[in-house]
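As structure tokens, the structure follows; a few thoughts come after it.
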Amino acid sequence: MQDFPRINPARLLDDLKALRNFGANGPGVVRLSLSPVDMDARRWLASRMTDAGLDATIDGVGTVFGRSRKSGPALVIGSHTDTQPTGGWLDGALGVIYGLEIARALDECAATRDFAVDVASWIDEEGAFSSFLGSRSFVGDAIDASLQHARNRDGLLLGDALAQAGVADVPRVMLDRTRQRAYLEPHIEQGGRLEASGKSIGVVTTIVGIREFQLRFTGQRNHAGTTPMSIRRDAGAALVAFIARIDAAFGRLADADTVWTVGRIDLDPGSFSVVPGKADMYLQFRDGNSERLHAMESALAALVDEWNLQHAVQVELIPCDGPEEPVVMDTALQQRIAQAAEAVAPGQWIHMPSGASHDAQVIAHHIPACMLFVPSIGGVSHDFIEDTSEAHIVLGCEVAARAAAGIVEALRGPV
């Protein structure tokens with residue numbers, strides 16, 4: 001390809017900032033899935049897609065989808081525009097607006113004017129009702145149980161929320177494998193690796209797998225003043241001691257990308273004057289290597305068995321949500337992003353895993369998928385202060401546009 005699409009930086013940034021206004025809260029955004037402000041944002045986005053020459057719809061689960069009118073194989077570019085309760089302005093939104101800008105840029109370039117790019121804002125990636133609802137619906141995964149039973153934190157049923165949003169009876173957008181041949185999801189990193197390494201672009205290799213467990217410690221509730229230390233069966237103290245064992249065992253198995261977190265601890269009854277009789281911890285660990293995840297599971301089970309043989313306070317290991325296996329991004333698509341990054345920002349890119357989950361991991365099971373990262377300032381995300389420099393936002397879109405053009409050109413084959 002002799003000519004490459006050129007994005008319009010001012011137009012890109014203006015659209016990102018306009019989207020930010022829907023649910024703005026200080027520097028951040030509160031835009032929960034299917035809330036009134038979320039639906040306002042989706043209608044605005046659909047209008048911007050229409051202005052860009054896409055056939056835009058808000059489908060039966062709330063996904064905003066802009067379908068190119070161009071013939072031939074299409075690349076889908078997307079992410080999400082819903083946020084966490086204390087959300088940042090770029091998480092997900094960056095990838096959606098990149099898709100919109102890339103669709104316009106390709107249309108404005110003589111060499112790529114006939115290239116088909118569809119743009120998506122998947123609903124509920126953040127799981128206000130049911131995580132990855134939009135991308136799961138798109139690829140044909142079963143969502144009937146979610147539609148019937150999923151509720152948000154206020155107790156609102158998903159089906160009722162869709163009815164209130166006015167989309168319950170709208171047909172759902174479905175993957176057309178004969179036309180939609182690949183998927184690109186640009187995103188902020190949501191971590192600090194790019195910033196720490198002084199790099200500007202991340203080419204994602206793998207989206208990590210996740211395991212989640214509840215560990216329940218059962219001892220004996222008792223008076224904190226009259227119960228000697230020697231005879232206590234303190235579930236809280238046992239829990240804290242067990243964390244050190246987890247750290248040691250996982251540390252022997254981990255590599256630089258392995259992470260584990262005790263994200264919540266509950267003590268019963270949670271009083272200064274009562275020795276806890278029960279204690280629960282909620283443990284999550286993530287890695288891009290399936291064998292390592294299985295080894296960590298086995299190590300955790302062995303720790304529980306060993307503990308129960310040695311201590312009066314007993315611990316029960318309870319799996320939480322079903323395990324998520326690592327998902328490898330398509331090698332050929334990774335190469336397209338890497339080539340674009342080297343052309344636009346030579347030496348400023350690295351291969352890296354994604355430690356966070358994304359819609360790409362759902363879609364990758366059905367069509368080739370890839371991801372591109374730009375740096376997050378301070379490595380912060382899922383917080384109002386989440387941010388990325390405008391220079392990195394623009395550079396990332398330039399790389400994504402060049403990569404998208406190369407991907408569609410390869411999909412179209414020899415002319």
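Residue numbers start at 1 in each chain; chains themselves are named A, B, ... in the order of the structure tokens; ligands are numbered from 1 in the order shown.
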DSSP strand (DSSP E or B) selection over stretch 338-373 of chain A, as a PyMOL selection string: chain A and resi 349-354+369-373
Those selected residues, please, written with N, CA and C atoms and delivered as a short mmCIF file (atom, residue, chain, number, x, y, z; two decimals), in the first residue's frame.
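Saved the output as again-v3.cif:
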```
data_model
loop_
_atom_site.label_atom_id
_atom_site.label_comp_id
_atom_site.auth_asym_id
_atom_site.auth_seq_id
_atom_site.Cartn_x
_atom_site.Cartn_y
_atom_site.Cartn_z
N TRP A 349 7.65 0.50 20.93
CA TRP A 349 6.60 -0.48 21.20
C TRP A 349 7.20 -1.75 21.77
N ILE A 350 6.35 -2.53 22.46
CA ILE A 350 6.75 -3.82 23.01
C ILE A 350 5.59 -4.80 22.89
N HIS A 351 5.93 -6.10 22.86
CA HIS A 351 4.93 -7.14 23.07
C HIS A 351 4.66 -7.26 24.56
N MET A 352 3.42 -7.50 24.95
CA MET A 352 3.09 -7.60 26.37
C MET A 352 1.74 -8.29 26.55
N PRO A 353 1.54 -8.94 27.70
CA PRO A 353 0.22 -9.52 27.98
C PRO A 353 -0.74 -8.47 28.51
N SER A 354 -2.01 -8.78 28.47
CA SER A 354 -3.03 -7.97 29.14
C SER A 354 -3.38 -8.64 30.46
N ALA A 369 -8.47 -12.19 16.59
CA ALA A 369 -8.61 -10.96 17.36
C ALA A 369 -7.24 -10.48 17.81
N CYS A 370 -7.16 -9.17 18.03
CA CYS A 370 -5.91 -8.58 18.50
C CYS A 370 -6.23 -7.34 19.33
N MET A 371 -5.21 -6.88 20.08
CA MET A 371 -5.35 -5.69 20.92
C MET A 371 -4.11 -4.82 20.83
N LEU A 372 -4.32 -3.53 20.98
CA LEU A 372 -3.25 -2.53 21.04
C LEU A 372 -3.44 -1.71 22.30
N PHE A 373 -2.33 -1.45 23.03
CA PHE A 373 -2.39 -0.66 24.25
C PHE A 373 -1.65 0.67 24.07
#
```
Residues near stretch 254-256 of chain A, cut-off 10 Å, only C-alpha atoms, skip fewer than 2 positions along chain, as a ChimeraX atom specification: /A:249-252,258-260,287,289,292-293,295-296
Written file, previous selection with C-alpha atoms, as an mmCIF file, in the first residue's frame:
```cif
data_model
loop_
_atom_site.group_PDB
_atom_site.id
_atom_site.type_symbol
_atom_site.label_atom_id
_atom_site.label_comp_id
_atom_site.auth_asym_id
_atom_site.auth_seq_id
_atom_site.Cartn_x
_atom_site.Cartn_y
_atom_site.Cartn_z
ATOM 1 C CA ALA A 249 3.843 -20.883 47.582
ATOM 2 C CA PHE A 250 2.754 -18.669 44.688
ATOM 3 C CA GLY A 251 6.075 -16.827 44.765
ATOM 4 C CA ARG A 252 7.864 -20.082 43.975
ATOM 5 C CA THR A 258 1.895 -13.535 37.630
ATOM 6 C CA VAL A 259 -0.316 -11.655 40.088
ATOM 7 C CA TRP A 260 -2.514 -12.629 43.020
ATOM 8 C CA ASP A 287 -1.514 -15.508 34.605
ATOM 9 C CA ASN A 289 0.088 -19.502 31.178
ATOM 10 C CA ARG A 292 1.025 -22.171 35.762
ATOM 11 C CA LEU A 293 -2.581 -21.397 36.702
ATOM 12 C CA ALA A 295 -0.071 -25.404 39.286
ATOM 13 C CA MET A 296 -1.200 -22.511 41.467
#
```
Exercise: A:Glu108 partners within 9 Å, only C-alpha atoms, chain neighbours under 4 positions left out, as a ChimeraX atom specification: /A:5-6,103-104,112-113
Members of stretch 132-175 of chain A assigned helix (DSSP H, G or I) by DSSP, as a PyMOL selection string: chain A and resi 133-139+144-149+158-165
Cut-off 10 Å: closest stretch 93-182 of chain A/stretch 387-403 of chain A atom pairs per residue, using only C-alpha atoms, as a Markdown table:
```
| residue | atom | partner | partner_atom | distance |
| --- | --- | --- | --- | --- |
| A:Leu94 | CA | A:Ile393 | CA | 8.0 |
| A:Gly95 | CA | A:Cys397 | CA | 8.9 |
| A:Ile97 | CA | A:Cys397 | CA | 9.3 |
| A:Tyr98 | CA | A:Cys397 | CA | 5.9 |
| A:Gly99 | CA | A:Ala401 | CA | 8.5 |
| A:Glu101 | CA | A:Cys397 | CA | 8.1 |
| A:Ile102 | CA | A:Ala401 | CA | 5.4 |
| A:Ala103 | CA | A:Ala401 | CA | 8.6 |
| A:Ala105 | CA | A:Ala401 | CA | 7.7 |
| A:Leu106 | CA | A:Ala401 | CA | 7.8 |
```
Shortest interatomic distance to A:Ala24 - which of A:Pro36, A:Gly192, A:Trp89, A:Ile265, counting only C-alpha atoms: A:Trp89
